[in-house]
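One file, model_24.cif, is given below (mmCIF, C-alpha atoms).
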```cif
data_coords
#
loop_
_atom_site.label_atom_id
_atom_site.label_comp_id
_atom_site.auth_asym_id
_atom_site.auth_seq_id
_atom_site.Cartn_x
_atom_site.Cartn_y
_atom_site.Cartn_z
CA MET A 1461 -119.23 32.41 8.53
CA LYS A 1462 -119.15 29.70 5.92
CA ASP A 1463 -116.67 31.80 3.99
CA ILE A 1464 -114.27 31.97 6.94
CA LEU A 1465 -114.52 28.23 7.51
CA LYS A 1466 -113.76 27.53 3.86
CA LEU A 1467 -110.77 29.91 3.78
CA GLY A 1468 -109.52 28.68 7.13
CA GLY A 1469 -109.88 25.14 5.93
CA ILE A 1470 -107.81 25.72 2.81
CA LEU A 1471 -105.09 27.48 4.81
CA LEU A 1472 -105.10 24.57 7.23
CA LEU A 1473 -104.73 22.14 4.35
CA VAL A 1474 -101.79 24.08 2.89
CA THR A 1475 -99.98 24.34 6.22
CA VAL A 1476 -100.58 20.68 7.03
CA VAL A 1477 -99.13 19.64 3.67
CA ALA A 1478 -96.19 22.01 4.17
CA SER A 1479 -95.55 20.68 7.69
CA ALA A 1480 -95.73 17.10 6.46
CA VAL A 1481 -93.23 17.83 3.67
CA LEU A 1482 -90.88 19.60 6.09
CA ALA A 1483 -91.16 16.85 8.72
CA PHE A 1484 -90.38 14.24 6.10
CA VAL A 1485 -87.39 16.10 4.67
CA ASN A 1486 -86.10 16.86 8.16
CA LYS A 1487 -86.30 13.22 9.20
CA GLU A 1488 -84.56 12.04 6.04
CA THR A 1489 -81.76 14.57 6.21
CA LYS A 1490 -81.12 14.67 9.96
CA PRO A 1491 -78.82 11.62 10.20
CA ARG A 1492 -76.72 12.77 7.28
CA ILE A 1493 -76.44 16.30 8.61
CA LEU A 1494 -75.35 15.05 12.03
CA GLU A 1495 -72.82 12.73 10.38
CA GLN A 1496 -71.42 15.63 8.33
CA ALA A 1497 -71.01 17.66 11.52
CA ARG A 1498 -69.22 14.78 13.21
CA LEU A 1499 -66.87 14.25 10.27
CA GLU A 1500 -66.13 17.95 10.13
CA LYS A 1501 -65.28 18.05 13.84
CA GLU A 1502 -62.99 15.08 13.37
CA GLN A 1503 -61.31 16.73 10.39
CA ALA A 1504 -60.95 19.99 12.29
CA LEU A 1505 -59.34 18.21 15.25
CA THR A 1506 -56.66 16.68 13.03
CA GLU A 1507 -56.00 20.12 11.57
CA ALA A 1508 -55.78 21.67 15.04
CA LEU A 1509 -53.43 18.95 16.28
CA PRO A 1510 -51.42 17.92 13.21
CA MET A 1511 -48.76 16.19 15.30
CA ALA A 1512 -51.22 13.87 16.99
CA ASP A 1513 -52.37 10.53 15.64
CA LYS A 1514 -55.78 11.20 14.14
CA ASN A 1515 -57.29 8.26 15.96
CA ALA A 1516 -55.77 9.36 19.26
CA ILE A 1517 -57.55 12.63 19.98
CA VAL A 1518 -59.74 12.14 23.00
CA LEU A 1519 -62.27 14.33 24.75
CA HIS A 1520 -61.32 14.99 28.36
CA PRO A 1521 -64.19 15.21 30.90
CA ASP A 1522 -63.22 18.85 31.56
CA GLY A 1523 -64.26 19.75 28.02
CA TYR A 1524 -61.02 19.93 26.04
CA TYR A 1525 -59.42 17.44 23.68
CA VAL A 1526 -56.14 15.68 24.41
CA GLY A 1527 -53.98 14.63 21.48
CA TYR A 1528 -51.66 11.66 21.82
CA GLU A 1529 -48.70 10.63 19.72
CA ASP A 1530 -50.27 7.30 18.93
CA THR A 1531 -53.19 5.10 19.83
CA THR A 1532 -51.44 3.68 22.89
CA GLN A 1533 -52.24 7.09 24.45
CA GLN A 1534 -49.05 7.18 26.43
CA GLU A 1535 -47.53 10.44 25.28
CA VAL A 1536 -49.50 13.69 25.13
CA VAL A 1537 -48.51 15.93 22.24
CA GLY A 1538 -51.13 18.65 22.51
CA TYR A 1539 -54.53 19.92 23.52
CA ALA A 1540 -57.44 21.35 21.58
CA LEU A 1541 -60.58 23.16 22.55
CA SER A 1542 -63.40 25.21 21.10
CA ALA A 1543 -63.47 28.93 21.67
CA PHE A 1544 -66.73 30.84 21.31
CA GLY A 1545 -66.84 34.53 20.49
CA LYS A 1546 -69.73 36.88 19.85
CA GLY A 1547 -69.19 38.12 16.31
CA TYR A 1548 -71.04 40.84 14.45
CA SER A 1549 -73.96 38.69 13.37
CA SER A 1550 -73.20 35.22 14.68
CA GLU A 1551 -71.45 33.25 17.37
CA ILE A 1552 -68.08 32.25 15.99
CA GLU A 1553 -66.76 28.85 17.02
CA THR A 1554 -63.02 28.39 16.65
CA LEU A 1555 -61.14 25.17 17.33
CA VAL A 1556 -57.62 25.90 18.55
CA GLY A 1557 -54.84 23.41 19.16
CA ILE A 1558 -51.78 23.98 21.33
CA ASP A 1559 -48.69 21.91 21.91
CA THR A 1560 -47.39 20.91 25.34
CA SER A 1561 -45.57 24.21 25.80
CA GLY A 1562 -48.76 26.19 25.28
CA VAL A 1563 -47.96 27.47 21.80
CA VAL A 1564 -50.69 27.46 19.15
CA CYS A 1565 -50.08 24.75 16.57
CA GLY A 1566 -53.37 24.65 14.73
CA ILE A 1567 -56.51 26.70 14.35
CA LYS A 1568 -59.75 26.40 12.43
CA ILE A 1569 -62.92 28.45 12.50
CA LEU A 1570 -65.74 25.90 12.64
CA SER A 1571 -68.82 28.04 12.26
CA GLN A 1572 -69.75 31.62 11.59
CA THR A 1573 -72.30 33.64 9.67
CA GLU A 1574 -70.61 37.01 9.55
CA THR A 1575 -71.15 39.67 6.93
CA PRO A 1576 -70.25 38.22 3.52
CA GLY A 1577 -67.22 40.04 2.12
CA LEU A 1578 -66.23 41.65 5.41
CA GLY A 1579 -66.52 39.50 8.54
CA THR A 1580 -66.17 36.40 6.40
CA LYS A 1581 -62.61 37.47 5.68
CA ILE A 1582 -61.74 35.58 8.85
CA VAL A 1583 -62.10 32.40 6.80
CA GLU A 1584 -60.91 33.83 3.50
CA LYS A 1585 -57.88 32.41 1.73
CA ARG A 1586 -55.64 34.67 -0.28
CA TYR A 1587 -55.22 33.74 -3.91
CA GLY A 1588 -52.99 30.68 -4.15
CA GLU A 1589 -52.77 30.00 -0.42
CA THR A 1590 -54.05 26.93 1.39
CA SER A 1591 -55.28 28.41 4.65
CA PRO A 1592 -56.96 31.64 5.74
CA TRP A 1593 -54.37 34.34 6.40
CA PHE A 1594 -56.21 35.82 9.37
CA GLN A 1595 -56.13 32.51 11.23
CA GLN A 1596 -52.54 31.77 10.18
CA GLN A 1597 -51.47 34.70 12.35
CA PHE A 1598 -52.27 32.65 15.45
CA ILE A 1599 -49.86 29.83 14.67
CA ASN A 1600 -46.71 29.56 16.80
CA LYS A 1601 -47.90 32.21 19.23
CA SER A 1602 -48.26 31.95 22.99
CA TYR A 1603 -51.34 33.30 24.75
CA ASN A 1604 -50.00 36.72 25.61
CA GLN A 1605 -49.24 37.37 21.93
CA LEU A 1606 -52.83 36.60 20.99
CA TYR A 1607 -54.08 40.14 21.11
CA LEU A 1608 -54.76 42.63 18.34
CA LYS A 1609 -51.71 44.80 17.67
CA LYS A 1610 -53.73 47.91 18.34
CA ASP A 1611 -54.94 46.63 21.71
CA LYS A 1612 -51.74 45.54 23.42
CA PRO A 1613 -48.01 46.03 22.86
CA THR A 1614 -47.46 42.27 23.10
CA GLY A 1615 -50.21 41.70 20.56
CA THR A 1616 -49.28 40.28 17.17
CA ILE A 1617 -52.64 39.92 15.43
CA ASP A 1618 -53.71 42.24 12.63
CA ALA A 1619 -57.42 42.93 12.61
CA ILE A 1620 -59.41 42.92 9.38
CA THR A 1621 -60.14 46.40 8.04
CA GLY A 1622 -63.86 47.04 8.28
CA ALA A 1623 -64.46 43.89 10.33
CA THR A 1624 -63.24 44.82 13.77
CA ILE A 1625 -65.98 43.03 15.69
CA SER A 1626 -65.40 39.75 13.86
CA SER A 1627 -61.64 40.07 14.37
CA VAL A 1628 -62.01 40.83 18.07
CA ALA A 1629 -64.47 37.97 18.59
CA VAL A 1630 -62.05 35.39 17.24
CA THR A 1631 -58.94 36.87 18.81
CA SER A 1632 -60.26 37.35 22.33
CA SER A 1633 -62.12 34.04 22.48
CA VAL A 1634 -59.03 32.15 21.31
CA GLN A 1635 -56.76 34.11 23.65
CA GLN A 1636 -58.94 33.33 26.66
CA ALA A 1637 -59.28 29.68 25.72
CA VAL A 1638 -55.54 29.18 25.30
CA GLU A 1639 -54.70 31.08 28.48
CA SER A 1640 -57.23 29.09 30.51
CA VAL A 1641 -55.89 25.72 29.37
CA VAL A 1642 -52.26 26.77 29.77
CA THR A 1643 -52.80 28.05 33.33
CA GLN A 1644 -55.07 25.19 34.30
CA LEU A 1645 -52.65 22.53 33.11
CA LYS A 1646 -49.55 24.56 33.92
CA LEU A 1647 -48.09 24.11 30.47
CA GLY A 1648 -44.74 25.32 29.23
CA LYS A 1649 -41.70 26.34 31.24
CA ASP A 1650 -41.44 30.01 30.45
CA ASN A 1651 -44.71 31.01 28.91
CA HIS A 1652 -44.72 34.70 29.74
CA MET B 1400 -95.61 37.43 -25.62
CA SER B 1401 -93.53 34.69 -27.17
CA PRO B 1402 -91.77 32.31 -24.78
CA PHE B 1403 -88.42 33.75 -25.80
CA LYS B 1404 -89.55 37.31 -25.04
CA GLU B 1405 -90.99 36.04 -21.76
CA PHE B 1406 -87.56 34.71 -20.86
CA ILE B 1407 -85.42 37.60 -22.03
CA LYS B 1408 -87.46 40.35 -20.38
CA GLY B 1409 -85.83 39.55 -17.04
CA PHE B 1410 -82.46 40.70 -18.29
CA TYR B 1411 -83.18 44.22 -19.48
CA GLU B 1412 -86.77 45.33 -20.09
CA GLN B 1413 -88.05 44.07 -16.74
CA ASN B 1414 -84.84 43.45 -14.86
CA PRO B 1415 -85.94 42.80 -11.25
CA VAL B 1416 -83.21 44.98 -9.76
CA PHE B 1417 -82.77 47.82 -12.25
CA ARG B 1418 -86.36 48.09 -13.50
CA LEU B 1419 -88.73 46.56 -10.96
CA ALA B 1420 -86.59 47.53 -7.94
CA LEU B 1421 -87.34 44.18 -6.26
CA GLY B 1422 -85.06 42.18 -3.99
CA LEU B 1423 -82.89 45.19 -3.22
CA CYS B 1424 -82.00 44.03 0.32
CA PRO B 1425 -80.15 40.88 -0.69
CA THR B 1426 -78.83 42.70 -3.75
CA LEU B 1427 -77.10 45.31 -1.63
CA ALA B 1428 -75.93 42.78 0.94
CA VAL B 1429 -74.35 40.10 -1.22
CA SER B 1430 -73.09 41.98 -4.24
CA ASN B 1431 -69.74 42.78 -2.66
CA SER B 1432 -67.94 40.17 -4.71
CA ILE B 1433 -68.59 38.31 -7.95
CA GLU B 1434 -68.44 34.92 -6.26
CA ASN B 1435 -71.10 35.92 -3.71
CA ALA B 1436 -73.20 37.40 -6.51
CA ILE B 1437 -73.16 34.19 -8.54
CA GLY B 1438 -73.92 32.04 -5.49
CA MET B 1439 -76.87 34.10 -4.37
CA GLY B 1440 -78.17 34.59 -7.91
CA LEU B 1441 -78.20 30.92 -8.79
CA ALA B 1442 -79.67 29.81 -5.46
CA ALA B 1443 -82.43 32.42 -5.76
CA THR B 1444 -83.09 31.42 -9.39
CA PHE B 1445 -83.54 27.81 -8.35
CA VAL B 1446 -86.05 28.71 -5.64
CA LEU B 1447 -87.83 31.19 -7.92
CA VAL B 1448 -88.31 28.66 -10.70
CA CYS B 1449 -89.58 25.99 -8.30
CA SER B 1450 -91.94 28.32 -6.42
CA ASN B 1451 -93.31 29.70 -9.71
CA VAL B 1452 -93.99 26.15 -10.86
CA ILE B 1453 -95.80 25.15 -7.65
CA VAL B 1454 -97.80 28.37 -7.46
CA SER B 1455 -98.82 27.98 -11.08
CA LEU B 1456 -99.89 24.38 -10.48
CA ILE B 1457 -102.14 25.27 -7.54
CA ARG B 1458 -103.40 28.59 -8.89
CA LYS B 1459 -106.89 27.33 -9.73
CA GLY B 1460 -107.49 26.05 -6.19
CA VAL B 1461 -106.20 29.08 -4.28
CA PRO B 1462 -108.87 31.58 -3.14
CA ALA B 1463 -107.80 35.16 -3.91
CA LYS B 1464 -108.28 36.34 -0.32
CA ILE B 1465 -105.66 34.03 1.15
CA ARG B 1466 -103.27 33.76 -1.76
CA ILE B 1467 -100.47 35.76 -0.10
CA PRO B 1468 -100.11 33.62 3.04
CA ILE B 1469 -100.32 30.52 0.89
CA TYR B 1470 -97.57 31.74 -1.44
CA ILE B 1471 -95.40 32.61 1.55
CA VAL B 1472 -95.86 29.15 3.06
CA VAL B 1473 -94.93 27.57 -0.28
CA ILE B 1474 -91.81 29.73 -0.65
CA ALA B 1475 -90.63 29.28 2.93
CA THR B 1476 -91.20 25.52 2.77
CA PHE B 1477 -89.25 25.37 -0.45
CA VAL B 1478 -86.31 27.34 0.88
CA THR B 1479 -86.18 25.14 4.00
CA VAL B 1480 -86.29 21.95 1.91
CA VAL B 1481 -83.49 23.27 -0.32
CA ASP B 1482 -81.45 24.29 2.72
CA LEU B 1483 -81.82 20.92 4.48
CA SER B 1484 -81.23 18.88 1.32
CA MET B 1485 -78.12 20.85 0.48
CA ALA B 1486 -76.77 20.49 4.02
CA ALA B 1487 -77.25 16.73 3.85
CA PHE B 1488 -76.28 15.87 0.28
CA ARG B 1489 -74.02 18.69 -0.90
CA PRO B 1490 -72.28 19.90 2.27
CA THR B 1491 -69.44 21.72 0.51
CA LEU B 1492 -71.82 23.70 -1.67
CA HIS B 1493 -74.02 24.38 1.35
CA LYS B 1494 -71.01 25.67 3.25
CA SER B 1495 -70.01 28.07 0.51
CA LEU B 1496 -73.54 29.40 -0.02
CA GLY B 1497 -73.99 29.52 3.74
CA ILE B 1498 -76.18 32.42 4.78
CA PHE B 1499 -77.47 33.06 1.26
CA VAL B 1500 -79.93 30.21 1.31
CA PRO B 1501 -82.09 31.40 4.23
CA LEU B 1502 -81.75 34.95 2.84
CA ILE B 1503 -83.75 33.90 -0.20
CA VAL B 1504 -86.94 33.89 1.88
CA VAL B 1505 -86.76 37.68 2.22
CA ASN B 1506 -86.13 38.18 -1.48
CA CYS B 1507 -89.21 40.06 -2.73
CA ILE B 1508 -88.69 38.88 -6.28
CA ILE B 1509 -89.97 35.42 -5.40
CA LEU B 1510 -93.23 36.59 -3.81
CA GLY B 1511 -93.48 39.33 -6.43
CA ARG B 1512 -93.40 36.92 -9.37
CA ALA B 1513 -95.71 34.46 -7.62
CA GLU B 1514 -98.30 37.19 -7.21
CA ALA B 1515 -97.80 39.05 -10.48
CA PHE B 1516 -97.25 36.14 -12.82
CA ALA B 1517 -97.31 32.54 -11.62
CA GLY B 1518 -100.69 32.96 -9.97
CA LYS B 1519 -102.21 33.89 -13.32
CA ASN B 1520 -100.25 31.99 -15.94
CA ASN B 1521 -99.78 28.42 -17.09
CA LEU B 1522 -97.01 26.10 -15.98
CA PHE B 1523 -94.72 26.55 -18.97
CA ARG B 1524 -94.86 30.35 -18.98
CA SER B 1525 -94.40 30.51 -15.22
CA PHE B 1526 -91.34 28.32 -15.52
CA ILE B 1527 -89.87 30.54 -18.24
CA ASP B 1528 -90.69 33.69 -16.28
CA GLY B 1529 -88.99 32.30 -13.18
CA LEU B 1530 -85.91 31.32 -15.13
CA GLY B 1531 -85.63 34.66 -16.94
CA MET B 1532 -86.25 36.79 -13.85
CA GLY B 1533 -83.87 34.71 -11.76
CA LEU B 1534 -81.08 34.89 -14.30
CA GLY B 1535 -81.76 38.59 -14.81
CA PHE B 1536 -81.38 39.03 -11.06
CA THR B 1537 -78.12 37.08 -11.20
CA PHE B 1538 -76.95 39.26 -14.10
CA ALA B 1539 -77.70 42.44 -12.10
CA LEU B 1540 -75.89 41.07 -9.05
CA ILE B 1541 -72.84 40.17 -11.14
CA ILE B 1542 -72.59 43.67 -12.61
CA LEU B 1543 -72.79 45.17 -9.13
CA GLY B 1544 -70.39 42.56 -7.76
CA PHE B 1545 -67.90 43.27 -10.54
CA VAL B 1546 -67.79 47.00 -9.79
CA ARG B 1547 -67.80 46.62 -6.01
CA GLU B 1548 -65.19 43.88 -5.82
CA LEU B 1549 -62.88 45.58 -8.30
CA LEU B 1550 -62.95 49.02 -6.70
CA GLY B 1551 -63.55 48.03 -3.07
CA ASP B 1552 -61.20 45.06 -2.82
CA GLY B 1553 -58.94 45.27 -5.87
CA LYS B 1554 -59.95 41.76 -6.88
CA LEU B 1555 -62.08 39.88 -9.37
CA MET B 1556 -63.27 36.43 -8.29
CA GLY B 1557 -60.69 36.60 -5.49
CA TYR B 1558 -57.86 37.24 -7.93
CA PRO B 1559 -55.92 40.41 -7.07
CA ILE B 1560 -56.16 41.88 -10.54
CA MET B 1561 -55.31 45.42 -9.48
CA GLY B 1562 -51.96 44.38 -8.12
CA PRO B 1563 -50.39 44.87 -4.68
CA LYS B 1564 -49.97 48.65 -4.87
CA PHE B 1565 -53.68 49.30 -5.35
CA GLU B 1566 -55.33 50.95 -2.36
CA PRO B 1567 -58.93 49.69 -2.38
CA VAL B 1568 -61.73 52.22 -2.03
CA LEU B 1569 -63.19 50.46 0.99
CA ILE B 1570 -66.57 52.13 0.83
CA PHE B 1571 -67.51 50.03 -2.18
CA ILE B 1572 -67.67 46.80 -0.23
CA LEU B 1573 -69.66 48.49 2.53
CA PRO B 1574 -73.42 49.29 2.40
CA PRO B 1575 -73.05 52.98 1.41
CA GLY B 1576 -70.96 51.90 -1.57
CA ALA B 1577 -73.64 49.40 -2.50
CA PHE B 1578 -76.24 52.17 -2.56
CA LEU B 1579 -73.93 54.40 -4.60
CA THR B 1580 -73.16 51.73 -7.17
CA LEU B 1581 -76.78 50.66 -7.45
CA GLY B 1582 -77.94 54.26 -7.87
CA LEU B 1583 -75.39 54.98 -10.56
CA LEU B 1584 -76.24 51.79 -12.41
CA LEU B 1585 -79.96 52.57 -12.19
CA GLY B 1586 -79.21 55.96 -13.72
CA LEU B 1587 -77.17 54.28 -16.44
CA PHE B 1588 -79.98 51.90 -17.30
CA ASN B 1589 -82.49 54.77 -17.42
CA TRP B 1590 -80.21 56.79 -19.68
CA LEU B 1591 -79.71 53.76 -21.92
CA ASP B 1592 -83.46 53.37 -22.07
CA THR B 1593 -84.10 56.95 -23.23
CA LYS B 1594 -81.36 56.61 -25.85
CA LEU B 1595 -82.86 53.39 -27.20
CA LYS B 1596 -86.38 54.84 -27.23
CA LYS B 1597 -85.20 57.79 -29.33
CA GLU B 1598 -84.10 55.47 -32.13
#
```
Step by step, read the file and then write its structure as structure tokens.
Amino acid sequence: MKDILKLGGILLLVTVVASAVLAFVNKETKPRILEQARLEKEQALTEALPMADKNAIVLHPDGYYVGYEDTTQQEVVGYALSAFGKGYSSEIETLVGIDTSGVVCGIKILSQTETPGLGTKIVEKRYGETSPWFQQQFINKSYNQLYLKKDKPTGTIDAITGATISSVAVTSSVQQAVESVVTQLKLGKDNH
Amino acid sequence: MSPFKEFIKGFYEQNPVFRLALGLCPTLAVSNSIENAIGMGLAATFVLVCSNVIVSLIRKGVPAKIRIPIYIVVIATFVTVVDLSMAAFRPTLHKSLGIFVPLIVVNCIILGRAEAFAGKNNLFRSFIDGLGMGLGFTFALIILGFVRELLGDGKLMGYPIMGPKFEPVLIFILPPGAFLTLGLLLGLFNWLDTKLKKE
């Protein structure tokens, strides 16, 4: 009995010390981590809406961002929203920006933990290029072009070989997000 | 064993991947490119060295019956501290290592060395052992990553060295290719060993 108490006591001591260390580190790092996330979101929004003033991107109560030409917020130049797709091993969050005619003008994958070397190709840059080729395919497309080539005749997106699920997750979540905003706000004159 | 021998054994004689067959899960998973291999290898080495040091420091006070859960708590705490600190103070590095950091917890090499070495040896030797084993692990990952990235993707460190006409043998960046490459390399190391023993 005494043996069990002694062993239990030592384990308790170890776990209490470990918990204290973790609680301390968590408390010290939390504000910085939250700040990093906020800065990243801000950076991503300016990438998704390059034609908007970076201080004039505002969150609308319906859940999407509205980008204005300048801080007077008189002229809307675009909209941005997050699209969530179930990837192979993670939920993939993509921020997509569209202009007032409903055409994609910016896109950035914000978070994913897909298979390194395969699914992660959705964020991979080709040698010498500045942005991931897979995501570049979405630029200047309207929502009915945002399908994989193999899925629809109007589709223009090439999937990644060996990473179909990751490709589909991004493509379909972005397609649905863009279509929903375009129809809801009745954007563009002849968006077919 | 001299400190130098203690360090160098992790590269060939007791290479954790090719000799001890430890940490094979992360080895197979993240050796599909050289960049991933280096990232995982260095992160794991850092955790291994630190956990070896802590385990060695507390070895006299740890009762044998509960040493395994205690080692696991130490390792998991360490990995979490590293993960949080990196996310806060080195966000770009944290982003590029990404999933590798939590993966270190399931790397058997860390628990293996804690149990087989750090729990029974002094601080200095445990440090050296951790460093040598970790770098040996990194070395093994790089060899695998070199073969798999070159044949399965036509690239080295992201650079398309095989040119645009090369049709990559896709299987090499997938799990079956990892098994194949690892098996062949294991055979190579064994063959090398018999050759060296003959001399």
Residues of chain B within 10 Å of chain A: nearest atom pair and distance (Å, one decimal) for each, counting all atoms listed in the file, sorted by chain and number, as CSV?
```
residue,atom,partner,partner_atom,distance
B:Ala1428,CA,A:Pro1576,CA,7.7
B:Val1429,CA,A:Pro1576,CA,6.5
B:Ser1430,CA,A:Gly1577,CA,8.9
B:Asn1431,CA,A:Gly1577,CA,6.1
B:Ser1432,CA,A:Gly1577,CA,6.9
B:Glu1434,CA,A:Gly1577,CA,9.9
B:Asn1435,CA,A:Pro1576,CA,7.6
B:Gly1460,CA,A:Ile1470,CA,9.0
B:Val1461,CA,A:Ile1470,CA,8.0
B:Pro1462,CA,A:Leu1467,CA,7.4
B:Ala1463,CA,A:Leu1467,CA,9.8
B:Lys1464,CA,A:Leu1467,CA,8.0
B:Ile1465,CA,A:Leu1467,CA,7.1
B:Arg1466,CA,A:Leu1471,CA,9.3
B:Pro1468,CA,A:Leu1471,CA,8.1
B:Ile1469,CA,A:Leu1471,CA,6.9
B:Tyr1470,CA,A:Val1474,CA,9.8
B:Val1472,CA,A:Thr1475,CA,7.1
B:Val1473,CA,A:Ala1478,CA,7.2
B:Ala1475,CA,A:Ala1478,CA,9.2
B:Thr1476,CA,A:Ala1478,CA,6.3
B:Phe1477,CA,A:Leu1482,CA,8.9
B:Thr1479,CA,A:Leu1482,CA,7.6
B:Val1480,CA,A:Val1485,CA,6.6
B:Val1481,CA,A:Val1485,CA,9.6
B:Leu1483,CA,A:Thr1489,CA,6.6
B:Ser1484,CA,A:Thr1489,CA,6.5
B:Met1485,CA,A:Thr1489,CA,9.2
B:Ala1486,CA,A:Ile1493,CA,6.2
B:Ala1487,CA,A:Ile1493,CA,4.8
B:Phe1488,CA,A:Arg1492,CA,7.7
B:Pro1490,CA,A:Gln1496,CA,7.5
B:Lys1494,CA,A:Ser1571,CA,9.6
B:Gly1497,CA,A:Thr1573,CA,7.4
B:Ile1498,CA,A:Thr1573,CA,6.4
B:Phe1499,CA,A:Pro1576,CA,9.2
B:Glu1548,CA,A:Gly1577,CA,9.1
B:Asp1552,CA,A:Gly1577,CA,9.3
B:Lys1554,CA,A:Tyr1587,CA,9.8
B:Met1556,CA,A:Tyr1587,CA,9.6
B:Gly1557,CA,A:Tyr1587,CA,6.4
B:Tyr1558,CA,A:Tyr1587,CA,5.9
B:Pro1559,CA,A:Tyr1587,CA,7.4
B:Leu1569,CA,A:Gly1622,CA,8.1
B:Ile1570,CA,A:Gly1622,CA,9.4
B:Ile1572,CA,A:Gly1577,CA,7.2
B:Leu1573,CA,A:Leu1578,CA,8.2
```
Ref. answer, residues at most 10 Å from (-52.2, 41.5, 18.6) with only C-alpha atoms, as a count of residues only: 21
For atom CA of Glu1412 of chain B and atom CA of Ala1517 of chain B, the interatomic separation in Å (one decimal): 18.6 Å
Separation of atom CA of Leu1496 of chain B from atom CA of Cys1424 of chain B, in Å and rounded to one decimal: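 Taking atom CA of Leu1496 of chain B as the start and atom CA of Cys1424 of chain B as the end point, the length is 16.9 Å.
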Two-atom distance - atom CA of Phe1403 of chain B, atom CA of Ile1433 of chain B (Å):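 Between atom CA of Phe1403 of chain B and atom CA of Ile1433 of chain B the gap works out to 27.1 Å.
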The PyMOL selection byres ((chain A and resi 1515) around 12) applied to the shown file, residues as number ranges by chain: A: 1502-1503, 1505-1506, 1509-1514, 1516-1519, 1526-1533
The PyMOL selection byres ((chain B and resi 1542) around 10) resolved against shown file, as a list in words: Ser1430, Ser1432, Ile1433, Ala1436, Thr1537, Phe1538, Ala1539, Leu1540, Ile1541, Leu1543, Gly1544, Phe1545, Val1546, Arg1547, Thr1580, Leu1581 and Leu1584 of chain B
Residue IDs satisfying the PyMOL selection byres ((chain A and resi 1540-1552) around 6), as a PyMOL selection string: chain A and resi 1524-1525+1539+1553-1557+1571-1574+1625-1626+1629-1630+1633-1634+1637
Quick one: axis-aligned box around all listed atoms of segment 1485-1499 of chain A, 6 Å on every side, centre and edge lengths in Å to one decimal, written as lines of an AutoDock Vina configuration file.
```
center_x = -77.1
center_y = 14.6
center_z = 8.9
size_x = 32.5
size_y = 18.0
size_z = 20.5
```
